[in-house]
Amino acid sequence: MTALRIGIDLGGTKIAGIALDPDGLVRAERRIATPRGDYDASLRAIAALVASLEAQGGGPGSVGIGIPGALVPATGRVKNANSTWLNGRPLGEDLERVLARPVRLENDANCLAVSEAVDGVGQGHALVWAVILGTGVGSGIALSGRALSGRQRIAGEWGHNPLPAPRDDERPGPACYCGRTGCLETWLSGPGLAADHARRTDRAMTGEAIVAAMRRGDAAARETFAAWLDRLGRGVAATVNLLDPDVIVLGGGLSTIPEIYDALPSRVAPHVFGGGFDTPILQSRHGDASGVRGAAWLWNDPDTSAA
């Protein structure tokens, strides 16, 4: 049994690492730049980061890694990663070779869900649905503290579903990089919020600036934010109708907007089958550390401890 659980969050611009003790206390953490576009350098960077965390944390550890994509079950190769140099590569196999130990890989949104289910705001809930609202939009599912990946490893792939119940002025919707139009990501991400405001007003503003203007009473910004909330409510309700989670956790940059938490339930309720909706919608406890903590908690099996 190893004393530490090491988590790695392999992002497009940075690689975050953390070492947790069995009680979830942080023994070491560090961030480094991602060697963008260079697969072999990425492997070396992760290996060096793990070694540094073990040296600082005082011992060896199990390793879990969150990635911006998923592994194809039949081949073990990466798919759907916006860090495109990972796609088609046997990342798990290669990391096990360079680290000389078993490694668990999981989608980064699922890592968020696991983190919040184990020792975040979802602790004590059986079914946790975690939504990322940031530069992109995605979600992850944790069932009894473990990631629910699905047969194709795409469970929780929320952002590339179409906006539910689109209105006439929402069809066909903005073009998405995935090749479709009207994906939730094109409406609900930070860039999606900014693009919608620009279409409404011919004014280029960031999501952060739109929220600030809304708080000052700017009418156009208030209308844009209200439309964003309405679409978020429809998108959340569609998954509630399928999954009926015990708690919904929001992460990502937009999740820090406090106005969401009072206003969103009333936008969700009209679209929930049967009309009843009392599911808690909560901001993630661990913020931008949730992904890397969730990666560490991928080794959380009762029968293996830290394995």
# chains A, B, ... in the order shown; residues from 1 in each chain; ligands from 1
>>> select_by_dssp(residues="range 102-208 of chain A", states="alpha helix (DSSP H)", output="PyMOL selection string")
chain A and resi 108-119+184-188+190-201+207-208
>>> write_last_selection(atoms="N, CA, C and O atoms", output="short mmCIF file (atom, residue, chain, number, x, y, z; two decimals), in the first residue's frame")
data_model
loop_
_atom_site.label_atom_id
_atom_site.label_comp_id
_atom_site.auth_asym_id
_atom_site.auth_seq_id
_atom_site.Cartn_x
_atom_site.Cartn_y
_atom_site.Cartn_z
N ASP A 108 -11.38 14.72 -17.63
CA ASP A 108 -11.19 15.73 -16.58
C ASP A 108 -12.50 16.16 -15.94
O ASP A 108 -12.54 16.50 -14.75
N ALA A 109 -13.61 16.15 -16.70
CA ALA A 109 -14.90 16.50 -16.09
C ALA A 109 -15.34 15.42 -15.10
O ALA A 109 -15.92 15.72 -14.04
N ASN A 110 -15.07 14.16 -15.40
CA ASN A 110 -15.37 13.10 -14.45
C ASN A 110 -14.51 13.23 -13.20
O ASN A 110 -14.95 12.90 -12.09
N CYS A 111 -13.28 13.72 -13.38
CA CYS A 111 -12.43 13.94 -12.21
C CYS A 111 -13.03 15.02 -11.30
O CYS A 111 -12.97 14.90 -10.07
N LEU A 112 -13.59 16.06 -11.89
CA LEU A 112 -14.29 17.06 -11.09
C LEU A 112 -15.41 16.42 -10.29
O LEU A 112 -15.58 16.68 -9.10
N ALA A 113 -16.20 15.58 -10.94
CA ALA A 113 -17.31 14.92 -10.25
C ALA A 113 -16.81 14.04 -9.11
O ALA A 113 -17.38 14.04 -8.00
N VAL A 114 -15.75 13.28 -9.35
CA VAL A 114 -15.20 12.40 -8.31
C VAL A 114 -14.70 13.23 -7.13
O VAL A 114 -14.96 12.89 -5.96
N SER A 115 -13.97 14.29 -7.41
CA SER A 115 -13.44 15.13 -6.35
C SER A 115 -14.55 15.66 -5.45
O SER A 115 -14.49 15.56 -4.21
N GLU A 116 -15.59 16.19 -6.07
CA GLU A 116 -16.67 16.78 -5.27
C GLU A 116 -17.52 15.72 -4.59
O GLU A 116 -18.12 15.98 -3.54
N ALA A 117 -17.55 14.51 -5.15
CA ALA A 117 -18.28 13.41 -4.50
C ALA A 117 -17.54 12.87 -3.29
O ALA A 117 -18.15 12.50 -2.28
N VAL A 118 -16.21 12.82 -3.37
CA VAL A 118 -15.43 12.22 -2.29
C VAL A 118 -15.32 13.15 -1.09
O VAL A 118 -15.61 12.76 0.04
N ASP A 119 -14.89 14.40 -1.33
CA ASP A 119 -14.71 15.30 -0.17
C ASP A 119 -15.06 16.74 -0.52
O ASP A 119 -14.51 17.68 0.06
N LEU A 184 -24.72 22.95 -26.91
CA LEU A 184 -24.77 23.70 -25.66
C LEU A 184 -23.50 24.51 -25.44
O LEU A 184 -23.56 25.63 -24.93
N GLU A 185 -22.37 23.97 -25.81
CA GLU A 185 -21.12 24.69 -25.61
C GLU A 185 -21.10 26.02 -26.34
O GLU A 185 -20.54 27.01 -25.85
N THR A 186 -21.71 26.08 -27.52
CA THR A 186 -21.69 27.33 -28.28
C THR A 186 -22.55 28.41 -27.63
O THR A 186 -22.38 29.59 -27.92
N TRP A 187 -23.47 28.02 -26.76
CA TRP A 187 -24.34 28.98 -26.07
C TRP A 187 -23.85 29.29 -24.65
O TRP A 187 -23.98 30.41 -24.17
N LEU A 188 -23.34 28.27 -23.94
CA LEU A 188 -23.17 28.37 -22.50
C LEU A 188 -21.73 28.59 -22.05
O LEU A 188 -21.50 28.89 -20.87
N GLY A 190 -18.02 30.56 -21.81
CA GLY A 190 -17.67 31.98 -21.73
C GLY A 190 -17.62 32.64 -23.10
O GLY A 190 -18.24 33.70 -23.30
N PRO A 191 -16.91 32.05 -24.08
CA PRO A 191 -16.94 32.61 -25.43
C PRO A 191 -18.35 32.63 -26.03
O PRO A 191 -18.69 33.54 -26.79
N GLY A 192 -19.18 31.63 -25.70
CA GLY A 192 -20.55 31.60 -26.20
C GLY A 192 -21.38 32.76 -25.66
O GLY A 192 -22.17 33.37 -26.39
N LEU A 193 -21.20 33.06 -24.37
CA LEU A 193 -21.89 34.20 -23.76
C LEU A 193 -21.46 35.49 -24.44
O LEU A 193 -22.30 36.35 -24.78
N ALA A 194 -20.16 35.65 -24.66
CA ALA A 194 -19.64 36.86 -25.30
C ALA A 194 -20.16 36.98 -26.74
O ALA A 194 -20.54 38.08 -27.19
N ALA A 195 -20.19 35.86 -27.47
CA ALA A 195 -20.65 35.89 -28.86
C ALA A 195 -22.13 36.25 -28.94
O ALA A 195 -22.56 36.99 -29.84
N ASP A 196 -22.93 35.75 -28.00
CA ASP A 196 -24.35 36.07 -28.01
C ASP A 196 -24.56 37.56 -27.74
O ASP A 196 -25.41 38.20 -28.38
N HIS A 197 -23.79 38.11 -26.82
CA HIS A 197 -23.91 39.55 -26.54
C HIS A 197 -23.51 40.37 -27.76
O HIS A 197 -24.17 41.39 -28.07
N ALA A 198 -22.46 39.94 -28.46
CA ALA A 198 -22.04 40.66 -29.66
C ALA A 198 -23.11 40.62 -30.74
O ALA A 198 -23.35 41.61 -31.44
N ARG A 199 -23.77 39.48 -30.89
CA ARG A 199 -24.85 39.39 -31.87
C ARG A 199 -26.01 40.31 -31.50
O ARG A 199 -26.66 40.89 -32.38
N ARG A 200 -26.27 40.47 -30.22
CA ARG A 200 -27.39 41.29 -29.77
C ARG A 200 -27.09 42.78 -29.86
O ARG A 200 -28.00 43.59 -30.12
N THR A 201 -25.85 43.15 -29.62
CA THR A 201 -25.53 44.57 -29.43
C THR A 201 -24.48 45.12 -30.38
O THR A 201 -24.27 46.34 -30.39
N GLY A 207 -17.12 37.71 -21.21
CA GLY A 207 -18.14 37.27 -20.28
C GLY A 207 -18.04 38.00 -18.95
O GLY A 207 -19.06 38.40 -18.36
N GLU A 208 -16.81 38.19 -18.47
CA GLU A 208 -16.60 38.88 -17.20
C GLU A 208 -17.12 40.32 -17.28
O GLU A 208 -17.78 40.81 -16.34
#
>>> residues_around(residues="range 38-46 of chain A", least_positions_apart="5", cutoff="8 Å", atoms="only C-alpha atoms", output="PyMOL selection string")
chain A and resi 8+15+85-86+94-95+98
>>> write_last_selection(atoms="all heavy atoms", output="PDB file, in the first residue's frame")
ATOM      1  N   ILE A   8      -2.795  14.077 -11.406  1.00  0.00           N
ATOM      2  CA  ILE A   8      -2.251  14.924 -12.457  1.00  0.00           C
ATOM      3  C   ILE A   8      -3.402  15.391 -13.328  1.00  0.00           C
ATOM      4  O   ILE A   8      -4.219  14.582 -13.778  1.00  0.00           O
ATOM      5  CB  ILE A   8      -1.221  14.168 -13.334  1.00  0.00           C
ATOM      6  CG1 ILE A   8      -0.084  13.603 -12.475  1.00  0.00           C
ATOM      7  CG2 ILE A   8      -0.708  15.054 -14.460  1.00  0.00           C
ATOM      8  CD1 ILE A   8       0.815  14.642 -11.858  1.00  0.00           C
ATOM      9  N   ILE A  15       0.062  21.693 -16.660  1.00  0.00           N
ATOM     10  CA  ILE A  15      -0.116  20.390 -16.029  1.00  0.00           C
ATOM     11  C   ILE A  15      -0.058  20.626 -14.531  1.00  0.00           C
ATOM     12  O   ILE A  15       0.943  21.111 -14.010  1.00  0.00           O
ATOM     13  CB  ILE A  15       0.975  19.390 -16.447  1.00  0.00           C
ATOM     14  CG1 ILE A  15       1.045  19.259 -17.971  1.00  0.00           C
ATOM     15  CG2 ILE A  15       0.707  18.017 -15.828  1.00  0.00           C
ATOM     16  CD1 ILE A  15       2.213  18.405 -18.455  1.00  0.00           C
ATOM     17  N   TRP A  85      -2.604  16.820 -29.855  1.00  0.00           N
ATOM     18  CA  TRP A  85      -1.426  15.968 -29.975  1.00  0.00           C
ATOM     19  C   TRP A  85      -1.552  14.681 -29.151  1.00  0.00           C
ATOM     20  O   TRP A  85      -0.746  13.768 -29.303  1.00  0.00           O
ATOM     21  CB  TRP A  85      -0.169  16.734 -29.563  1.00  0.00           C
ATOM     22  CG  TRP A  85      -0.123  17.179 -28.140  1.00  0.00           C
ATOM     23  CD1 TRP A  85       0.447  16.533 -27.092  1.00  0.00           C
ATOM     24  CD2 TRP A  85      -0.682  18.394 -27.603  1.00  0.00           C
ATOM     25  NE1 TRP A  85       0.284  17.254 -25.934  1.00  0.00           N
ATOM     26  CE2 TRP A  85      -0.394  18.401 -26.211  1.00  0.00           C
ATOM     27  CE3 TRP A  85      -1.370  19.464 -28.152  1.00  0.00           C
ATOM     28  CZ2 TRP A  85      -0.791  19.445 -25.381  1.00  0.00           C
ATOM     29  CZ3 TRP A  85      -1.763  20.500 -27.328  1.00  0.00           C
ATOM     30  CH2 TRP A  85      -1.478  20.487 -25.963  1.00  0.00           C
ATOM     31  N   LEU A  86      -2.585  14.602 -28.308  1.00  0.00           N
ATOM     32  CA  LEU A  86      -2.827  13.369 -27.557  1.00  0.00           C
ATOM     33  C   LEU A  86      -3.680  12.369 -28.339  1.00  0.00           C
ATOM     34  O   LEU A  86      -3.623  11.162 -28.070  1.00  0.00           O
ATOM     35  CB  LEU A  86      -3.536  13.689 -26.235  1.00  0.00           C
ATOM     36  CG  LEU A  86      -2.861  14.674 -25.287  1.00  0.00           C
ATOM     37  CD1 LEU A  86      -3.752  14.923 -24.081  1.00  0.00           C
ATOM     38  CD2 LEU A  86      -1.497  14.160 -24.848  1.00  0.00           C
ATOM     39  N   ASP A  94       1.703   4.285 -22.415  1.00  0.00           N
ATOM     40  CA  ASP A  94       2.989   4.979 -22.404  1.00  0.00           C
ATOM     41  C   ASP A  94       3.320   5.546 -21.026  1.00  0.00           C
ATOM     42  O   ASP A  94       4.485   5.518 -20.599  1.00  0.00           O
ATOM     43  CB  ASP A  94       2.984   6.095 -23.452  1.00  0.00           C
ATOM     44  CG  ASP A  94       3.055   5.565 -24.873  1.00  0.00           C
ATOM     45  OD1 ASP A  94       3.488   4.408 -25.054  1.00  0.00           O
ATOM     46  OD2 ASP A  94       2.673   6.305 -25.798  1.00  0.00           O
ATOM     47  N   LEU A  95       2.317   6.047 -20.316  1.00  0.00           N
ATOM     48  CA  LEU A  95       2.580   6.566 -18.977  1.00  0.00           C
ATOM     49  C   LEU A  95       2.939   5.452 -17.999  1.00  0.00           C
ATOM     50  O   LEU A  95       3.800   5.641 -17.130  1.00  0.00           O
ATOM     51  CB  LEU A  95       1.366   7.347 -18.478  1.00  0.00           C
ATOM     52  CG  LEU A  95       1.176   8.727 -19.102  1.00  0.00           C
ATOM     53  CD1 LEU A  95      -0.173   9.319 -18.701  1.00  0.00           C
ATOM     54  CD2 LEU A  95       2.298   9.680 -18.680  1.00  0.00           C
ATOM     55  N   VAL A  98       6.658   4.815 -18.620  1.00  0.00           N
ATOM     56  CA  VAL A  98       7.623   5.793 -18.122  1.00  0.00           C
ATOM     57  C   VAL A  98       7.562   5.919 -16.596  1.00  0.00           C
ATOM     58  O   VAL A  98       8.573   6.259 -15.966  1.00  0.00           O
ATOM     59  CB  VAL A  98       7.428   7.175 -18.781  1.00  0.00           C
ATOM     60  CG1 VAL A  98       7.618   7.079 -20.287  1.00  0.00           C
ATOM     61  CG2 VAL A  98       6.089   7.781 -18.444  1.00  0.00           C
TER      62      VAL A  98
END
>>> residues_around(residues="His271 in chain A", least_positions_apart="4", cutoff="10 Å", atoms="only C-alpha atoms", output="PDB file with all heavy atoms, in the first residue's frame")
ATOM      1  N   PRO A 164     -31.729  22.315 -25.838  1.00  0.00           N
ATOM      2  CA  PRO A 164     -33.105  21.810 -25.839  1.00  0.00           C
ATOM      3  C   PRO A 164     -34.131  22.910 -26.127  1.00  0.00           C
ATOM      4  O   PRO A 164     -33.917  24.080 -25.792  1.00  0.00           O
ATOM      5  CB  PRO A 164     -33.286  21.266 -24.412  1.00  0.00           C
ATOM      6  CG  PRO A 164     -31.904  21.068 -23.891  1.00  0.00           C
ATOM      7  CD  PRO A 164     -31.088  22.143 -24.525  1.00  0.00           C
ATOM      8  N   ALA A 165     -35.241  22.509 -26.737  1.00  0.00           N
ATOM      9  CA  ALA A 165     -36.380  23.404 -27.005  1.00  0.00           C
ATOM     10  C   ALA A 165     -35.938  24.730 -27.604  1.00  0.00           C
ATOM     11  O   ALA A 165     -36.280  25.807 -27.100  1.00  0.00           O
ATOM     12  CB  ALA A 165     -37.179  23.628 -25.724  1.00  0.00           C
ATOM     13  N   GLY A 233     -30.764  26.743 -17.926  1.00  0.00           N
ATOM     14  CA  GLY A 233     -31.858  26.022 -17.277  1.00  0.00           C
ATOM     15  C   GLY A 233     -32.409  24.910 -18.147  1.00  0.00           C
ATOM     16  O   GLY A 233     -32.661  23.796 -17.667  1.00  0.00           O
ATOM     17  N   ARG A 234     -32.600  25.181 -19.430  1.00  0.00           N
ATOM     18  CA  ARG A 234     -33.091  24.145 -20.341  1.00  0.00           C
ATOM     19  C   ARG A 234     -32.085  23.010 -20.481  1.00  0.00           C
ATOM     20  O   ARG A 234     -32.457  21.827 -20.499  1.00  0.00           O
ATOM     21  CB  ARG A 234     -33.382  24.758 -21.714  1.00  0.00           C
ATOM     22  CG  ARG A 234     -34.708  25.495 -21.799  1.00  0.00           C
ATOM     23  CD  ARG A 234     -34.920  26.063 -23.188  1.00  0.00           C
ATOM     24  NE  ARG A 234     -34.370  27.397 -23.343  1.00  0.00           N
ATOM     25  CZ  ARG A 234     -34.069  27.938 -24.516  1.00  0.00           C
ATOM     26  NH1 ARG A 234     -34.217  27.252 -25.634  1.00  0.00           N
ATOM     27  NH2 ARG A 234     -33.606  29.171 -24.584  1.00  0.00           N
ATOM     28  N   GLY A 235     -30.808  23.376 -20.568  1.00  0.00           N
ATOM     29  CA  GLY A 235     -29.784  22.343 -20.712  1.00  0.00           C
ATOM     30  C   GLY A 235     -29.671  21.465 -19.477  1.00  0.00           C
ATOM     31  O   GLY A 235     -29.530  20.245 -19.581  1.00  0.00           O
ATOM     32  N   VAL A 236     -29.731  22.079 -18.294  1.00  0.00           N
ATOM     33  CA  VAL A 236     -29.670  21.310 -17.055  1.00  0.00           C
ATOM     34  C   VAL A 236     -30.895  20.412 -16.927  1.00  0.00           C
ATOM     35  O   VAL A 236     -30.790  19.227 -16.560  1.00  0.00           O
ATOM     36  CB  VAL A 236     -29.548  22.262 -15.848  1.00  0.00           C
ATOM     37  CG1 VAL A 236     -29.792  21.522 -14.537  1.00  0.00           C
ATOM     38  CG2 VAL A 236     -28.172  22.923 -15.828  1.00  0.00           C
ATOM     39  N   ALA A 237     -32.072  20.941 -17.245  1.00  0.00           N
ATOM     40  CA  ALA A 237     -33.307  20.163 -17.094  1.00  0.00           C
ATOM     41  C   ALA A 237     -33.298  18.912 -17.952  1.00  0.00           C
ATOM     42  O   ALA A 237     -33.789  17.850 -17.536  1.00  0.00           O
ATOM     43  CB  ALA A 237     -34.518  21.028 -17.441  1.00  0.00           C
ATOM     44  N   ALA A 238     -32.745  19.001 -19.155  1.00  0.00           N
ATOM     45  CA  ALA A 238     -32.724  17.834 -20.040  1.00  0.00           C
ATOM     46  C   ALA A 238     -31.947  16.690 -19.408  1.00  0.00           C
ATOM     47  O   ALA A 238     -32.343  15.516 -19.516  1.00  0.00           O
ATOM     48  CB  ALA A 238     -32.117  18.212 -21.391  1.00  0.00           C
ATOM     49  N   VAL A 240     -31.363  16.411 -16.056  1.00  0.00           N
ATOM     50  CA  VAL A 240     -32.117  16.014 -14.860  1.00  0.00           C
ATOM     51  C   VAL A 240     -33.193  15.002 -15.237  1.00  0.00           C
ATOM     52  O   VAL A 240     -33.416  14.006 -14.529  1.00  0.00           O
ATOM     53  CB  VAL A 240     -32.733  17.245 -14.168  1.00  0.00           C
ATOM     54  CG1 VAL A 240     -33.738  16.824 -13.097  1.00  0.00           C
ATOM     55  CG2 VAL A 240     -31.643  18.111 -13.558  1.00  0.00           C
ATOM     56  N   ASN A 241     -33.856  15.197 -16.365  1.00  0.00           N
ATOM     57  CA  ASN A 241     -34.895  14.265 -16.806  1.00  0.00           C
ATOM     58  C   ASN A 241     -34.335  12.879 -17.119  1.00  0.00           C
ATOM     59  O   ASN A 241     -35.058  11.882 -17.030  1.00  0.00           O
ATOM     60  CB  ASN A 241     -35.610  14.810 -18.042  1.00  0.00           C
ATOM     61  CG  ASN A 241     -36.548  15.950 -17.707  1.00  0.00           C
ATOM     62  OD1 ASN A 241     -37.016  16.085 -16.584  1.00  0.00           O
ATOM     63  ND2 ASN A 241     -36.826  16.792 -18.686  1.00  0.00           N
ATOM     64  N   SER A 266     -35.238  28.169 -10.743  1.00  0.00           N
ATOM     65  CA  SER A 266     -36.530  28.534 -11.339  1.00  0.00           C
ATOM     66  C   SER A 266     -36.498  28.443 -12.859  1.00  0.00           C
ATOM     67  O   SER A 266     -37.558  28.361 -13.491  1.00  0.00           O
ATOM     68  CB  SER A 266     -36.929  29.949 -10.911  1.00  0.00           C
ATOM     69  OG  SER A 266     -36.039  30.919 -11.436  1.00  0.00           O
ATOM     70  N   ARG A 267     -35.303  28.462 -13.447  1.00  0.00           N
ATOM     71  CA  ARG A 267     -35.183  28.268 -14.897  1.00  0.00           C
ATOM     72  C   ARG A 267     -35.185  26.790 -15.259  1.00  0.00           C
ATOM     73  O   ARG A 267     -35.543  26.421 -16.372  1.00  0.00           O
ATOM     74  CB  ARG A 267     -33.899  28.902 -15.423  1.00  0.00           C
ATOM     75  CG  ARG A 267     -34.005  30.341 -15.845  1.00  0.00           C
ATOM     76  CD  ARG A 267     -34.274  31.277 -14.703  1.00  0.00           C
ATOM     77  NE  ARG A 267     -34.091  32.675 -15.111  1.00  0.00           N
ATOM     78  CZ  ARG A 267     -34.129  33.697 -14.270  1.00  0.00           C
ATOM     79  NH1 ARG A 267     -34.351  33.481 -12.969  1.00  0.00           N
ATOM     80  NH2 ARG A 267     -33.972  34.934 -14.704  1.00  0.00           N
ATOM     81  N   GLY A 275     -42.694  18.641 -13.192  1.00  0.00           N
ATOM     82  CA  GLY A 275     -42.710  19.984 -12.634  1.00  0.00           C
ATOM     83  C   GLY A 275     -42.038  20.153 -11.296  1.00  0.00           C
ATOM     84  O   GLY A 275     -41.861  21.275 -10.838  1.00  0.00           O
ATOM     85  N   GLY A 276     -41.627  19.082 -10.635  1.00  0.00           N
ATOM     86  CA  GLY A 276     -40.966  19.211  -9.340  1.00  0.00           C
ATOM     87  C   GLY A 276     -39.460  19.235  -9.496  1.00  0.00           C
ATOM     88  O   GLY A 276     -38.891  18.420 -10.217  1.00  0.00           O
ATOM     89  N   PHE A 277     -38.801  20.187  -8.837  1.00  0.00           N
ATOM     90  CA  PHE A 277     -37.341  20.263  -8.903  1.00  0.00           C
ATOM     91  C   PHE A 277     -36.817  20.867  -7.615  1.00  0.00           C
ATOM     92  O   PHE A 277     -37.053  22.045  -7.311  1.00  0.00           O
ATOM     93  CB  PHE A 277     -36.894  21.107 -10.092  1.00  0.00           C
ATOM     94  CG  PHE A 277     -35.391  21.248 -10.187  1.00  0.00           C
ATOM     95  CD1 PHE A 277     -34.609  20.167 -10.589  1.00  0.00           C
ATOM     96  CD2 PHE A 277     -34.770  22.437  -9.863  1.00  0.00           C
ATOM     97  CE1 PHE A 277     -33.228  20.290 -10.665  1.00  0.00           C
ATOM     98  CE2 PHE A 277     -33.389  22.568  -9.934  1.00  0.00           C
ATOM     99  CZ  PHE A 277     -32.619  21.484 -10.339  1.00  0.00           C
TER     100      PHE A 277
END
>>> select_by_dssp(residues="range 242-280 of chain A", states="strand (DSSP E)", output="list in words")
Val247, Ile248, Val249, Leu250 and Gly251 of chain A
>>> closest_residue(among="A:Gly134, A:Gly182, A:Gly274, A:Gly92", to="Thr256 in chain A", atoms="only C-alpha atoms")
A:Gly134
>>> closest_residue(among="A:Arg101, A:Arg146, A:Ala16, A:Asn80", to="Asn300 in chain A", atoms="only C-alpha atoms")
A:Arg146
>>> closest_residue(among="A:Gly252, A:Gly173, A:Gly7, A:Gly291", to="Leu53 in chain A", atoms="only C-alpha atoms")
A:Gly7
>>> closest_residue(among="A:Val292, A:Ala155, A:Val211, A:Leu148", to="Gly64 in chain A", atoms="only C-alpha atoms")
A:Val292
>>> closest_atom_pairs(of="range 79-134 of chain A", to="range 222-232 of chain A", cutoff="12 Å", atoms="only C-alpha atoms", output="Markdown table")
| residue | atom | partner | partner_atom | distance |
| --- | --- | --- | --- | --- |
| A:Val131 | CA | A:Leu232 | CA | 10.7 |
| A:Ile132 | CA | A:Leu232 | CA | 11.7 |
| A:Leu133 | CA | A:Leu232 | CA | 9.8 |
>>> write_last_selection(atoms="N, CA, C and O atoms", output="mmCIF file, in the first residue's frame")
data_model
loop_
_atom_site.group_PDB
_atom_site.id
_atom_site.type_symbol
_atom_site.label_atom_id
_atom_site.label_comp_id
_atom_site.auth_asym_id
_atom_site.auth_seq_id
_atom_site.Cartn_x
_atom_site.Cartn_y
_atom_site.Cartn_z
ATOM 1 N N VAL A 131 -20.866 19.914 -13.628
ATOM 2 C CA VAL A 131 -20.914 20.648 -14.879
ATOM 3 C C VAL A 131 -19.775 21.655 -14.912
ATOM 4 O O VAL A 131 -19.576 22.401 -13.950
ATOM 5 N N ILE A 132 -19.039 21.681 -16.015
ATOM 6 C CA ILE A 132 -17.989 22.670 -16.212
ATOM 7 C C ILE A 132 -18.526 23.767 -17.119
ATOM 8 O O ILE A 132 -18.964 23.502 -18.242
ATOM 9 N N LEU A 133 -18.492 24.998 -16.630
ATOM 10 C CA LEU A 133 -18.900 26.172 -17.393
ATOM 11 C C LEU A 133 -17.694 27.101 -17.473
ATOM 12 O O LEU A 133 -17.409 27.848 -16.536
#
>>> closest_residue(among="A:Leu99, A:Leu163, A:Val137, A:Ala70", to="Ser149 in chain A", atoms="only C-alpha atoms")
A:Ala70
